[in-house]
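Chemist: I have a structure here, written as structure tokens, and I will follow up with some questions on it.
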Amino acid sequence: MTKVLVTGASGYIAKHIVLQLLQAGYEVRASVRSPDRADQILRAVKSHLNITTDAALPLTFVELDLNRDKGWAAALQDIDVLMHTASPFPIDTPVDDEELIRPAVDGTRRALGAAVENGVKRIVLTSSTAAVVYRAPIEAGLPFDESHWSVPHHPACNAYGKSKTLAEMAAWEFVETHATGCDFTTINPGLAIGPALDDRIGTSLQVVQRLLLAKDPALPKIGFACVDVRDVAAAHVRAIDRPATFGKRILAVSEFVWFHELATILSTAYPDRRIPTRLAPAWMIKSLALFNRRVRAVVPNLGVEFNISNQRAIDLLGINFLEPEKSILESARFLIEHDFA
Ligand code: NAP
């Protein structure tokens with residue numbers, strides 16, 4: 001049985017990856033940074049596999065922290081595939097960018113270093129569109145594709161964007177220098193939405209939650225290249241044994257949706273909630289940004305539409321991306337049924 005190490009297995013996306021790997025017949029070693037997460041993951045995955053008994057699954061756990069060396073060498077022993085998803089993804093931008101950059105970059109080097117030392121031949125890294133789009137505009141009318149890279153010091157590139165860009169750059173550099181016998185692929189998802197596997201909803205679903213809870217009177221003109229979390233997981237799993245993906249970045253996105261369009265989909269489905277759909281003028285957002293870090297983070301992206309190509313994911317992975325409207329409505333149903341909104 002092919003053995004896969006999934007790092008950051010307690011995450012919103014990683015739990016879907018673990019589920020799909022088990023469904024596809026892989027053996028999974030899942031890394032968590034605190035042992036209490038292991039039971040949560042086991043429960044979440046079993047409930048979606050419709051297993052109610054104590055039947056054993058080919059799923060074991062190891063403890064790993066991106067900031068510490070301990071455990072990495074042992075965790076990668078006998079592993080065929082490393083799937084490195086762990087990386088901090090908080091809702092708020094930290095005061096010090098290094099809080100995100102250090103674990104993302106050092107953790108990626110630790111994971112890849114241990115993989116190469118243990119002779120792992122296949123690595124799939126979870127990067128992001130944040131490592132692609134924060135840069136000078138590209139030629140009008142053309143979409144972003146896998147040849148584009150964010151520029152860490154570009155004003156639109158926030159701490160999270162820097163952490164993902166620098167981590168992915170470090171990974172490619174490491175692979176080119178130290179891991180010539182190893183096949184490497186990155187999956188670069190947009191904003192992942194869709195039902196979570198348990199009550200840990202992660203940062204991206206909070207975008208939908210915020211609208212359902214009608215937290216804002218009006219919305220900034222920003223938008224997201226959305227993708228369903230189940231398609232993101234499928235991209236990771238399918239990439240494992242498709243040689244055409246080796247040595248490539250693959251953007252995993254469905255479509256770009258403006259925040260107010262997302263709100264309109266929700267307000268049409270839930271007319272009893274006072275979901276805001278009105279746009280706030282840019283001057284108002286810029287004024288609020290003077291006092292609020294979260295608002296400040298959106299200012300560089302006001303009015304910016306990210307047109308991102310998903311052609312490579314369709315061609316090489318055969319993903320038939322779910323339409324954002326379906327993912328948005330299923331996210332909302334999940335959040336309401338689980339008392340998050
Ligand atoms: P998430 O639910 O917050 O998961 C992040 C995972 O990383 C968790 O398992 C977390 O562990 C782990 N982690 C964070 N800091 C760590 C550390 N110092 N040591 C060990 N583990 C650590 O986020 P997600 O949305 O699933 O994101 C997963 C991956 O996808 C990340 O690489 C993220 O950048 C990428 N991504 C996400 C999106 C999106 O829209 N969600 C889009 C593009 C890319 P704990 O549970 O212990 O905190």
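Ordered as shown in the structure tokens, chains take letters A, B, and onward, while each chain numbers its residues from 1 and ligands are numbered from 1 in the order shown.
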Which polymer residues have any atom within 6 Å of an atom of Pro220 in chain A, counting only C-alpha atoms, with same-chain residues fewer than 2 positions away left out, as a list in words?
Modeler: Ile222, Leu279 and Ala280 of chain A
Chemist: Can you write just those residues out, C-alpha atoms, as a short mmCIF file (atom, residue, chain, number, x, y, z; two decimals), in the first residue's frame?
Modeler:
```cif
data_model
loop_
_atom_site.label_atom_id
_atom_site.label_comp_id
_atom_site.auth_asym_id
_atom_site.auth_seq_id
_atom_site.Cartn_x
_atom_site.Cartn_y
_atom_site.Cartn_z
CA ILE A 222 -12.96 42.99 -3.18
CA LEU A 279 -20.91 48.24 -1.68
CA ALA A 280 -19.03 50.60 0.64
#
```
Chemist: Which residues of range 144-165 of chain A sit at most 6 Å from range 131-135 of chain A, using only C-alpha atoms? Give each one's shortest atom pair and distance in Å (one decimal place), in chain and ascending residue order, as JSON lines.
Modeler:
```
{"residue": "A:His148", "atom": "CA", "partner": "A:Val132", "partner_atom": "CA", "distance": 5.4}
{"residue": "A:Trp149", "atom": "CA", "partner": "A:Val132", "partner_atom": "CA", "distance": 4.2}
{"residue": "A:Ser150", "atom": "CA", "partner": "A:Tyr134", "partner_atom": "CA", "distance": 4.4}
{"residue": "A:Val151", "atom": "CA", "partner": "A:Arg135", "partner_atom": "CA", "distance": 5.2}
{"residue": "A:His154", "atom": "CA", "partner": "A:Arg135", "partner_atom": "CA", "distance": 5.9}
{"residue": "A:Ala156", "atom": "CA", "partner": "A:Tyr134", "partner_atom": "CA", "distance": 5.7}
{"residue": "A:Cys157", "atom": "CA", "partner": "A:Tyr134", "partner_atom": "CA", "distance": 5.2}
{"residue": "A:Lys164", "atom": "CA", "partner": "A:Ala131", "partner_atom": "CA", "distance": 5.5}
{"residue": "A:Thr165", "atom": "CA", "partner": "A:Ala131", "partner_atom": "CA", "distance": 4.2}
```
Chemist: With only C-alpha atoms as the counted atoms, please give the residues lying no more than 10 Å from Glu255 in chain A, apart from itself and same-chain residues fewer than 2 positions off, as a list in words.
Modeler: Gly190, Phe224, Ala225, Cys226, Val227, Ala252, Val253, Val257, Trp258, Phe306, Asn307, Ile308, Ser309, Asn310, Phe321, Leu322, Glu323, Pro324 and Glu325 of chain A
Chemist: Please write the residues from the selection above to a file, keeping N, CA, C and O atoms, as a compact mmCIF listing (two decimals), in the first residue's frame.
Modeler:
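Written out: out_3.txt:
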```txt
# COMPACT_ATOMS: atom_id res chain seq x y z
N GLY A 190 -7.15 28.73 -4.83
CA GLY A 190 -7.71 30.03 -4.47
C GLY A 190 -8.39 29.91 -3.12
O GLY A 190 -8.03 29.04 -2.32
N PHE A 224 -12.73 37.18 -4.68
CA PHE A 224 -11.90 36.01 -4.45
C PHE A 224 -12.00 35.03 -5.62
O PHE A 224 -13.09 34.81 -6.14
N ALA A 225 -10.87 34.42 -5.96
CA ALA A 225 -10.89 33.29 -6.89
C ALA A 225 -11.24 32.08 -6.04
O ALA A 225 -10.43 31.60 -5.26
N CYS A 226 -12.49 31.64 -6.15
CA CYS A 226 -12.98 30.59 -5.25
C CYS A 226 -12.71 29.20 -5.81
O CYS A 226 -12.59 29.02 -7.03
N VAL A 227 -12.69 28.24 -4.89
CA VAL A 227 -12.57 26.83 -5.31
C VAL A 227 -13.19 26.00 -4.21
O VAL A 227 -13.11 26.34 -3.03
N ALA A 252 -5.43 25.78 -8.63
CA ALA A 252 -6.72 25.12 -8.38
C ALA A 252 -7.75 26.19 -8.03
O ALA A 252 -7.83 26.63 -6.88
N VAL A 253 -8.47 26.63 -9.05
CA VAL A 253 -9.49 27.67 -8.86
C VAL A 253 -10.70 27.35 -9.73
O VAL A 253 -10.55 26.72 -10.78
N VAL A 257 -15.19 35.56 -7.79
CA VAL A 257 -16.51 36.06 -7.36
C VAL A 257 -16.28 37.31 -6.50
O VAL A 257 -15.48 37.28 -5.56
N TRP A 258 -16.97 38.41 -6.87
CA TRP A 258 -16.88 39.60 -6.01
C TRP A 258 -17.58 39.30 -4.68
O TRP A 258 -18.55 38.53 -4.63
N PHE A 306 -9.23 39.23 -9.99
CA PHE A 306 -8.19 38.26 -10.32
C PHE A 306 -8.75 37.22 -11.29
O PHE A 306 -9.56 36.38 -10.90
N ASN A 307 -8.31 37.33 -12.53
CA ASN A 307 -8.71 36.37 -13.55
C ASN A 307 -7.61 35.31 -13.61
O ASN A 307 -6.49 35.59 -14.03
N ILE A 308 -7.92 34.10 -13.14
CA ILE A 308 -6.88 33.07 -12.97
C ILE A 308 -7.23 31.84 -13.80
O ILE A 308 -8.34 31.32 -13.69
N SER A 309 -6.29 31.36 -14.57
CA SER A 309 -6.55 30.19 -15.43
C SER A 309 -6.52 28.89 -14.62
O SER A 309 -5.60 28.66 -13.83
N ASN A 310 -7.52 28.04 -14.87
CA ASN A 310 -7.49 26.71 -14.25
C ASN A 310 -7.28 25.61 -15.31
O ASN A 310 -7.53 24.44 -15.06
N PHE A 321 -14.28 21.58 -12.06
CA PHE A 321 -14.47 22.42 -10.87
C PHE A 321 -15.94 22.74 -10.59
O PHE A 321 -16.68 23.13 -11.51
N LEU A 322 -16.33 22.56 -9.33
CA LEU A 322 -17.69 22.91 -8.91
C LEU A 322 -17.89 24.40 -9.08
O LEU A 322 -16.97 25.19 -8.83
N GLU A 323 -19.10 24.79 -9.46
CA GLU A 323 -19.38 26.23 -9.60
C GLU A 323 -19.40 26.88 -8.22
O GLU A 323 -19.92 26.28 -7.26
N PRO A 324 -18.86 28.10 -8.11
CA PRO A 324 -18.80 28.75 -6.79
C PRO A 324 -20.16 28.83 -6.11
O PRO A 324 -20.26 28.66 -4.90
N GLU A 325 -21.23 29.05 -6.87
CA GLU A 325 -22.55 29.19 -6.24
C GLU A 325 -22.90 27.95 -5.42
O GLU A 325 -23.42 28.05 -4.30
```
Chemist: Distance table requested - chain A against ligand 1, cut-off 8 Å, only C-alpha atoms and all ligand atoms: one row per qualifying residue with the closest atom pair and its distance in Å to one decimal, ordered by chain and rising residue number, as CSV.
Modeler:
```
residue,atom,partner,partner_atom_place_in_ligand_line,distance
A:Thr7,CA,ligand 1,21 (N),7.1
A:Gly8,CA,ligand 1,9 (O),3.3
A:Ala9,CA,ligand 1,9 (O),5.0
A:Ser10,CA,ligand 1,9 (O),4.0
A:Gly11,CA,ligand 1,4 (O),3.3
A:Tyr12,CA,ligand 1,26 (O),3.7
A:Ile13,CA,ligand 1,26 (O),3.8
A:Ala14,CA,ligand 1,26 (O),5.7
A:Lys15,CA,ligand 1,26 (O),7.8
A:Ser31,CA,ligand 1,21 (N),7.9
A:Val32,CA,ligand 1,47 (O),6.1
A:Arg33,CA,ligand 1,20 (C),5.0
A:Ser34,CA,ligand 1,47 (O),6.1
A:Arg37,CA,ligand 1,46 (O),7.1
A:Leu64,CA,ligand 1,20 (C),5.9
A:Asp65,CA,ligand 1,19 (N),3.6
A:Leu66,CA,ligand 1,19 (N),3.8
A:Asn67,CA,ligand 1,18 (N),5.4
A:His84,CA,ligand 1,32 (O),7.6
A:Thr85,CA,ligand 1,32 (O),4.5
A:Ala86,CA,ligand 1,7 (O),3.6
A:Ser87,CA,ligand 1,32 (O),4.3
A:Pro88,CA,ligand 1,14 (C),3.9
A:Phe89,CA,ligand 1,3 (O),4.9
A:Pro90,CA,ligand 1,3 (O),6.5
A:Pro103,CA,ligand 1,18 (N),5.5
A:Ala104,CA,ligand 1,15 (N),7.8
A:Gly107,CA,ligand 1,19 (N),7.4
A:Thr126,CA,ligand 1,32 (O),5.2
A:Ser127,CA,ligand 1,44 (C),5.5
A:Ser128,CA,ligand 1,43 (C),4.1
A:Thr129,CA,ligand 1,43 (C),6.3
A:Ala130,CA,ligand 1,43 (C),7.1
A:Tyr160,CA,ligand 1,34 (O),7.8
A:Lys164,CA,ligand 1,34 (O),6.4
A:Asn188,CA,ligand 1,43 (C),6.2
A:Pro189,CA,ligand 1,43 (C),4.3
A:Gly190,CA,ligand 1,42 (C),4.9
A:Leu191,CA,ligand 1,40 (O),3.6
A:Ala192,CA,ligand 1,40 (O),3.7
A:Ile193,CA,ligand 1,40 (O),6.7
A:Arg200,CA,ligand 1,2 (O),7.2
A:Ile201,CA,ligand 1,2 (O),6.7
A:Gly202,CA,ligand 1,2 (O),4.1
A:Thr203,CA,ligand 1,25 (O),6.0
A:Ser204,CA,ligand 1,40 (O),4.7
A:Leu205,CA,ligand 1,41 (N),7.6
A:Cys226,CA,ligand 1,40 (O),8.0
A:Val229,CA,ligand 1,41 (N),7.7
```
Chemist: Export N, CA and C atoms of the chosen residues as a short mmCIF file (atom, residue, chain, number, x, y, z; two decimals), in the first residue's frame?
Modeler:
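Result went into again.cif, see below:
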```
data_model
loop_
_atom_site.label_atom_id
_atom_site.label_comp_id
_atom_site.auth_asym_id
_atom_site.auth_seq_id
_atom_site.Cartn_x
_atom_site.Cartn_y
_atom_site.Cartn_z
N THR A 7 1.00 16.49 6.29
CA THR A 7 1.30 17.38 7.42
C THR A 7 0.13 18.34 7.64
N GLY A 8 -0.02 18.78 8.90
CA GLY A 8 -1.12 19.72 9.21
C GLY A 8 -2.48 19.08 9.01
N ALA A 9 -2.59 17.80 9.40
CA ALA A 9 -3.81 17.03 9.08
C ALA A 9 -5.04 17.55 9.81
N SER A 10 -4.86 18.38 10.82
CA SER A 10 -6.02 18.94 11.53
C SER A 10 -6.66 20.09 10.75
N GLY A 11 -6.07 20.48 9.65
CA GLY A 11 -6.57 21.66 8.91
C GLY A 11 -7.83 21.36 8.12
N TYR A 12 -8.51 22.43 7.75
CA TYR A 12 -9.76 22.36 6.96
C TYR A 12 -9.54 21.60 5.64
N ILE A 13 -8.51 21.98 4.90
CA ILE A 13 -8.24 21.33 3.61
C ILE A 13 -7.66 19.92 3.84
N ALA A 14 -6.72 19.81 4.79
CA ALA A 14 -6.00 18.54 4.97
C ALA A 14 -6.95 17.41 5.36
N LYS A 15 -7.97 17.72 6.15
CA LYS A 15 -8.90 16.64 6.54
C LYS A 15 -9.61 16.08 5.30
N SER A 31 0.12 14.18 10.34
CA SER A 31 0.84 14.90 11.39
C SER A 31 -0.05 15.96 12.02
N VAL A 32 0.08 16.06 13.36
CA VAL A 32 -0.65 17.07 14.13
C VAL A 32 0.37 17.74 15.05
N ARG A 33 0.09 18.95 15.49
CA ARG A 33 1.07 19.53 16.42
C ARG A 33 0.66 19.33 17.87
N SER A 34 -0.61 18.96 18.11
CA SER A 34 -0.97 18.57 19.47
C SER A 34 -1.78 17.28 19.40
N ARG A 37 -5.64 16.54 18.74
CA ARG A 37 -6.25 16.70 17.41
C ARG A 37 -6.47 15.33 16.73
N LEU A 64 4.21 16.76 14.91
CA LEU A 64 5.25 17.57 14.27
C LEU A 64 4.90 19.05 14.40
N ASP A 65 5.92 19.86 14.62
CA ASP A 65 5.71 21.31 14.65
C ASP A 65 6.62 21.92 13.59
N LEU A 66 6.07 22.85 12.81
CA LEU A 66 6.86 23.48 11.74
C LEU A 66 8.08 24.21 12.29
N ASN A 67 7.99 24.64 13.55
CA ASN A 67 9.07 25.44 14.15
C ASN A 67 10.12 24.60 14.88
N HIS A 84 2.68 18.09 1.87
CA HIS A 84 2.96 19.09 2.90
C HIS A 84 1.93 20.22 2.81
N THR A 85 0.96 20.19 3.71
CA THR A 85 -0.09 21.22 3.71
C THR A 85 0.05 22.19 4.86
N ALA A 86 0.75 21.81 5.95
CA ALA A 86 0.77 22.64 7.16
C ALA A 86 1.39 24.01 6.88
N SER A 87 0.71 25.05 7.32
CA SER A 87 1.21 26.42 7.19
C SER A 87 0.22 27.30 7.93
N PRO A 88 0.68 28.31 8.63
CA PRO A 88 -0.30 29.14 9.37
C PRO A 88 -1.18 29.95 8.42
N PHE A 89 -2.49 29.94 8.68
CA PHE A 89 -3.44 30.70 7.85
C PHE A 89 -4.46 31.38 8.77
N PRO A 90 -4.00 32.42 9.50
CA PRO A 90 -4.90 33.09 10.45
C PRO A 90 -5.79 34.10 9.74
N PRO A 103 7.43 30.02 10.25
CA PRO A 103 6.96 28.62 10.21
C PRO A 103 6.70 28.11 8.80
N ALA A 104 6.21 29.00 7.91
CA ALA A 104 5.91 28.54 6.54
C ALA A 104 7.20 28.12 5.83
N GLY A 107 9.36 25.49 8.05
CA GLY A 107 8.62 24.23 8.08
C GLY A 107 8.71 23.50 6.74
N THR A 126 1.19 22.13 -0.72
CA THR A 126 0.04 23.04 -0.83
C THR A 126 0.56 24.46 -0.81
N SER A 127 0.55 25.11 -1.97
CA SER A 127 0.90 26.53 -2.01
C SER A 127 -0.41 27.30 -2.09
N SER A 128 -0.49 28.34 -2.90
CA SER A 128 -1.69 29.18 -2.90
C SER A 128 -1.66 30.12 -4.10
N THR A 129 -2.82 30.64 -4.48
CA THR A 129 -2.82 31.72 -5.47
C THR A 129 -2.15 32.96 -4.88
N ALA A 130 -2.03 32.99 -3.54
CA ALA A 130 -1.33 34.12 -2.91
C ALA A 130 0.15 34.14 -3.31
N TYR A 160 0.55 36.92 4.85
CA TYR A 160 0.21 35.56 4.40
C TYR A 160 0.75 35.33 2.98
N LYS A 164 3.44 32.41 1.87
CA LYS A 164 3.21 31.36 0.87
C LYS A 164 4.20 31.49 -0.30
N ASN A 188 -1.85 25.12 -6.09
CA ASN A 188 -2.01 26.51 -5.66
C ASN A 188 -3.51 26.87 -5.67
N PRO A 189 -4.19 26.59 -4.54
CA PRO A 189 -5.64 26.86 -4.54
C PRO A 189 -5.95 28.34 -4.34
N GLY A 190 -7.15 28.73 -4.83
CA GLY A 190 -7.71 30.03 -4.47
C GLY A 190 -8.39 29.91 -3.12
N LEU A 191 -9.36 30.77 -2.86
CA LEU A 191 -10.06 30.72 -1.57
C LEU A 191 -10.92 29.45 -1.52
N ALA A 192 -10.55 28.56 -0.61
CA ALA A 192 -11.27 27.27 -0.53
C ALA A 192 -12.52 27.44 0.32
N ILE A 193 -13.64 27.02 -0.23
CA ILE A 193 -14.91 27.02 0.51
C ILE A 193 -15.59 25.67 0.28
N ARG A 200 -14.10 22.38 13.06
CA ARG A 200 -12.97 23.32 12.93
C ARG A 200 -13.03 23.88 11.51
N ILE A 201 -13.58 25.09 11.37
CA ILE A 201 -13.93 25.56 10.02
C ILE A 201 -12.79 26.30 9.30
N GLY A 202 -11.72 26.63 10.02
CA GLY A 202 -10.61 27.31 9.34
C GLY A 202 -10.96 28.75 8.99
N THR A 203 -10.02 29.42 8.34
CA THR A 203 -10.15 30.85 8.06
C THR A 203 -11.05 31.14 6.87
N SER A 204 -10.96 30.33 5.81
CA SER A 204 -11.65 30.72 4.58
C SER A 204 -13.16 30.65 4.72
N LEU A 205 -13.68 29.67 5.46
CA LEU A 205 -15.15 29.59 5.63
C LEU A 205 -15.68 30.76 6.45
N CYS A 226 -12.49 31.64 -6.15
CA CYS A 226 -12.98 30.59 -5.25
C CYS A 226 -12.71 29.20 -5.81
N VAL A 229 -13.41 23.08 -1.57
CA VAL A 229 -12.37 22.37 -0.80
C VAL A 229 -12.24 20.92 -1.26
#
```
Chemist: If we count only C-alpha atoms and set the cut-off at 12 Å, which residues sit around Asp39 in chain A, ignoring sequence neighbours fewer than 3 positions away in its own chain? Please answer as a PyMOL selection string.
Modeler: chain A and resi 9-10+30+32+34-36+42-46+59-61+198
Chemist: Output all heavy atoms of each residue in that selection to a file, as an mmCIF file, in the first residue's frame.
Modeler:
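Final output, saved to out_22.cif:
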```
data_model
loop_
_atom_site.group_PDB
_atom_site.id
_atom_site.type_symbol
_atom_site.label_atom_id
_atom_site.label_comp_id
_atom_site.auth_asym_id
_atom_site.auth_seq_id
_atom_site.Cartn_x
_atom_site.Cartn_y
_atom_site.Cartn_z
ATOM 1 N N ALA A 9 -2.590 17.803 9.405
ATOM 2 C CA ALA A 9 -3.805 17.031 9.081
ATOM 3 C C ALA A 9 -5.043 17.546 9.811
ATOM 4 O O ALA A 9 -6.158 17.179 9.453
ATOM 5 C CB ALA A 9 -3.582 15.560 9.391
ATOM 6 N N SER A 10 -4.857 18.383 10.820
ATOM 7 C CA SER A 10 -6.025 18.939 11.534
ATOM 8 C C SER A 10 -6.665 20.089 10.753
ATOM 9 O O SER A 10 -7.695 20.612 11.162
ATOM 10 C CB SER A 10 -5.589 19.443 12.913
ATOM 11 O OG SER A 10 -4.499 20.347 12.758
ATOM 12 N N ALA A 30 -0.679 10.865 9.482
ATOM 13 C CA ALA A 30 -1.157 12.242 9.559
ATOM 14 C C ALA A 30 -0.401 12.979 10.657
ATOM 15 O O ALA A 30 -0.295 12.468 11.769
ATOM 16 C CB ALA A 30 -2.656 12.238 9.879
ATOM 17 N N VAL A 32 0.079 16.055 13.362
ATOM 18 C CA VAL A 32 -0.646 17.069 14.135
ATOM 19 C C VAL A 32 0.371 17.738 15.047
ATOM 20 O O VAL A 32 1.412 17.167 15.321
ATOM 21 C CB VAL A 32 -1.759 16.419 15.001
ATOM 22 C CG1 VAL A 32 -2.921 15.966 14.140
ATOM 23 C CG2 VAL A 32 -1.238 15.247 15.818
ATOM 24 N N SER A 34 -0.607 18.961 18.108
ATOM 25 C CA SER A 34 -0.967 18.571 19.467
ATOM 26 C C SER A 34 -1.777 17.276 19.396
ATOM 27 O O SER A 34 -2.651 17.127 18.530
ATOM 28 C CB SER A 34 -1.739 19.687 20.173
ATOM 29 O OG SER A 34 -2.859 20.047 19.408
ATOM 30 N N PRO A 35 -1.475 16.327 20.322
ATOM 31 C CA PRO A 35 -2.031 14.983 20.195
ATOM 32 C C PRO A 35 -3.559 14.944 20.291
ATOM 33 O O PRO A 35 -4.180 14.049 19.711
ATOM 34 C CB PRO A 35 -1.400 14.207 21.364
ATOM 35 C CG PRO A 35 -0.658 15.190 22.177
ATOM 36 C CD PRO A 35 -0.519 16.456 21.430
ATOM 37 N N ASP A 36 -4.171 15.909 20.968
ATOM 38 C CA ASP A 36 -5.644 15.867 21.092
ATOM 39 C C ASP A 36 -6.343 16.013 19.731
ATOM 40 O O ASP A 36 -7.503 15.660 19.583
ATOM 41 C CB ASP A 36 -6.141 16.925 22.078
ATOM 42 C CG ASP A 36 -5.641 18.307 21.721
ATOM 43 O OD1 ASP A 36 -4.445 18.426 21.393
ATOM 44 O OD2 ASP A 36 -6.442 19.258 21.752
ATOM 45 N N LEU A 42 -9.776 11.532 13.499
ATOM 46 C CA LEU A 42 -10.291 10.168 13.349
ATOM 47 C C LEU A 42 -11.818 10.169 13.328
ATOM 48 O O LEU A 42 -12.445 9.546 12.472
ATOM 49 C CB LEU A 42 -9.773 9.329 14.521
ATOM 50 C CG LEU A 42 -9.716 7.825 14.339
ATOM 51 C CD1 LEU A 42 -8.958 7.423 13.099
ATOM 52 C CD2 LEU A 42 -9.070 7.184 15.577
ATOM 53 N N ARG A 43 -12.413 10.899 14.270
ATOM 54 C CA ARG A 43 -13.890 10.957 14.335
ATOM 55 C C ARG A 43 -14.457 11.568 13.058
ATOM 56 O O ARG A 43 -15.412 11.067 12.470
ATOM 57 C CB ARG A 43 -14.340 11.813 15.530
ATOM 58 C CG ARG A 43 -14.556 11.010 16.812
ATOM 59 C CD ARG A 43 -15.425 11.782 17.801
ATOM 60 N NE ARG A 43 -14.925 13.119 18.103
ATOM 61 C CZ ARG A 43 -13.975 13.378 18.985
ATOM 62 N NH1 ARG A 43 -13.443 12.400 19.684
ATOM 63 N NH2 ARG A 43 -13.558 14.623 19.203
ATOM 64 N N ALA A 44 -13.840 12.690 12.620
ATOM 65 C CA ALA A 44 -14.352 13.392 11.429
ATOM 66 C C ALA A 44 -14.291 12.484 10.204
ATOM 67 O O ALA A 44 -15.258 12.352 9.464
ATOM 68 C CB ALA A 44 -13.535 14.659 11.189
ATOM 69 N N VAL A 45 -13.145 11.838 10.035
ATOM 70 C CA VAL A 45 -12.957 11.019 8.846
ATOM 71 C C VAL A 45 -13.874 9.799 8.886
ATOM 72 O O VAL A 45 -14.533 9.466 7.901
ATOM 73 C CB VAL A 45 -11.466 10.625 8.733
ATOM 74 C CG1 VAL A 45 -11.273 9.546 7.705
ATOM 75 C CG2 VAL A 45 -10.628 11.840 8.380
ATOM 76 N N LYS A 46 -13.946 9.151 10.067
ATOM 77 C CA LYS A 46 -14.800 7.951 10.176
ATOM 78 C C LYS A 46 -16.250 8.288 9.886
ATOM 79 O O LYS A 46 -16.952 7.532 9.223
ATOM 80 C CB LYS A 46 -14.685 7.347 11.578
ATOM 81 C CG LYS A 46 -13.504 6.416 11.742
ATOM 82 C CD LYS A 46 -13.603 5.608 13.014
ATOM 83 C CE LYS A 46 -12.557 4.500 13.026
ATOM 84 N NZ LYS A 46 -12.549 3.732 14.252
ATOM 85 N N LEU A 59 -4.735 4.560 9.074
ATOM 86 C CA LEU A 59 -4.485 5.972 9.424
ATOM 87 C C LEU A 59 -3.811 6.032 10.793
ATOM 88 O O LEU A 59 -4.369 5.571 11.791
ATOM 89 C CB LEU A 59 -5.832 6.710 9.476
ATOM 90 C CG LEU A 59 -5.834 8.143 9.997
ATOM 91 C CD1 LEU A 59 -4.966 9.056 9.133
ATOM 92 C CD2 LEU A 59 -7.267 8.693 10.051
ATOM 93 N N THR A 60 -2.581 6.568 10.820
ATOM 94 C CA THR A 60 -1.861 6.717 12.086
ATOM 95 C C THR A 60 -1.438 8.181 12.228
ATOM 96 O O THR A 60 -1.547 8.956 11.271
ATOM 97 C CB THR A 60 -0.596 5.820 12.116
ATOM 98 O OG1 THR A 60 0.155 6.111 10.934
ATOM 99 C CG2 THR A 60 -0.962 4.353 12.174
ATOM 100 N N PHE A 61 -0.966 8.543 13.428
ATOM 101 C CA PHE A 61 -0.659 9.951 13.698
ATOM 102 C C PHE A 61 0.760 10.123 14.224
ATOM 103 O O PHE A 61 1.278 9.251 14.917
ATOM 104 C CB PHE A 61 -1.659 10.506 14.719
ATOM 105 C CG PHE A 61 -3.060 10.558 14.168
ATOM 106 C CD1 PHE A 61 -3.927 9.482 14.352
ATOM 107 C CD2 PHE A 61 -3.491 11.645 13.432
ATOM 108 C CE1 PHE A 61 -5.206 9.506 13.817
ATOM 109 C CE2 PHE A 61 -4.766 11.672 12.891
ATOM 110 C CZ PHE A 61 -5.630 10.599 13.088
ATOM 111 N N ASP A 198 -15.577 18.756 10.030
ATOM 112 C CA ASP A 198 -15.995 18.784 11.434
ATOM 113 C C ASP A 198 -16.133 20.238 11.864
ATOM 114 O O ASP A 198 -16.209 21.140 11.015
ATOM 115 C CB ASP A 198 -15.027 17.991 12.332
ATOM 116 C CG ASP A 198 -13.626 18.570 12.382
ATOM 117 O OD1 ASP A 198 -13.420 19.699 11.851
ATOM 118 O OD2 ASP A 198 -12.724 17.936 12.930
#
```
Chemist: Can you list, as a compact mmCIF listing (two decimals) with N, CA and C atoms, in the first residue's frame, every protein, DNA or RNA residue that comes within 10 Å of Phe174 in chain A when you count only C-alpha atoms, leaving out same-chain residues fewer than 2 positions away?
Modeler:
```txt
# COMPACT_ATOMS: atom_id res chain seq x y z
N THR A 108 8.63 24.26 5.65
CA THR A 108 8.75 23.64 4.33
C THR A 108 10.14 23.03 4.16
N ARG A 109 11.17 23.76 4.60
CA ARG A 109 12.54 23.21 4.47
C ARG A 109 12.70 21.95 5.33
N LEU A 112 10.72 19.04 3.55
CA LEU A 112 11.37 18.56 2.33
C LEU A 112 12.73 17.92 2.64
N GLY A 113 13.45 18.52 3.60
CA GLY A 113 14.77 17.98 3.99
C GLY A 113 14.62 16.57 4.52
N VAL A 116 13.76 14.07 1.71
CA VAL A 116 14.88 13.69 0.84
C VAL A 116 15.85 12.77 1.59
N GLU A 168 7.02 28.69 -1.05
CA GLU A 168 7.04 27.95 -2.33
C GLU A 168 8.37 28.15 -3.06
N MET A 169 8.89 29.39 -3.00
CA MET A 169 10.21 29.63 -3.63
C MET A 169 11.28 28.76 -2.97
N ALA A 170 11.23 28.69 -1.63
CA ALA A 170 12.23 27.88 -0.91
C ALA A 170 12.10 26.42 -1.32
N ALA A 171 10.87 25.97 -1.53
CA ALA A 171 10.66 24.57 -1.90
C ALA A 171 11.26 24.27 -3.28
N TRP A 172 10.97 25.13 -4.27
CA TRP A 172 11.52 24.88 -5.62
C TRP A 172 13.04 24.92 -5.59
N GLU A 176 15.35 21.75 -6.58
CA GLU A 176 16.30 21.83 -7.70
C GLU A 176 17.73 21.53 -7.25
N THR A 177 18.07 21.89 -6.00
CA THR A 177 19.45 21.70 -5.54
C THR A 177 19.68 20.35 -4.87
N HIS A 178 18.71 19.91 -4.07
CA HIS A 178 18.98 18.73 -3.23
C HIS A 178 18.14 17.51 -3.55
N ALA A 179 17.11 17.67 -4.38
CA ALA A 179 16.17 16.56 -4.51
C ALA A 179 15.95 16.20 -5.97
N THR A 180 17.07 15.98 -6.67
CA THR A 180 16.94 15.75 -8.11
C THR A 180 16.19 14.44 -8.43
```
Chemist: Could you pull out all residues of range 36-250 of chain A with a DSSP call of alpha helix (DSSP H) and give them as an MDAnalysis selection string?
Modeler: chainID A and resid 36:48 72:75 98:117 159:178 205:212 229:239
Chemist: So the first atom is CA of Gln23 in chain A and the second is CA of Val62 in chain A; what is the distance between them in Å, to one decimal place?
Modeler: 20.7 Å
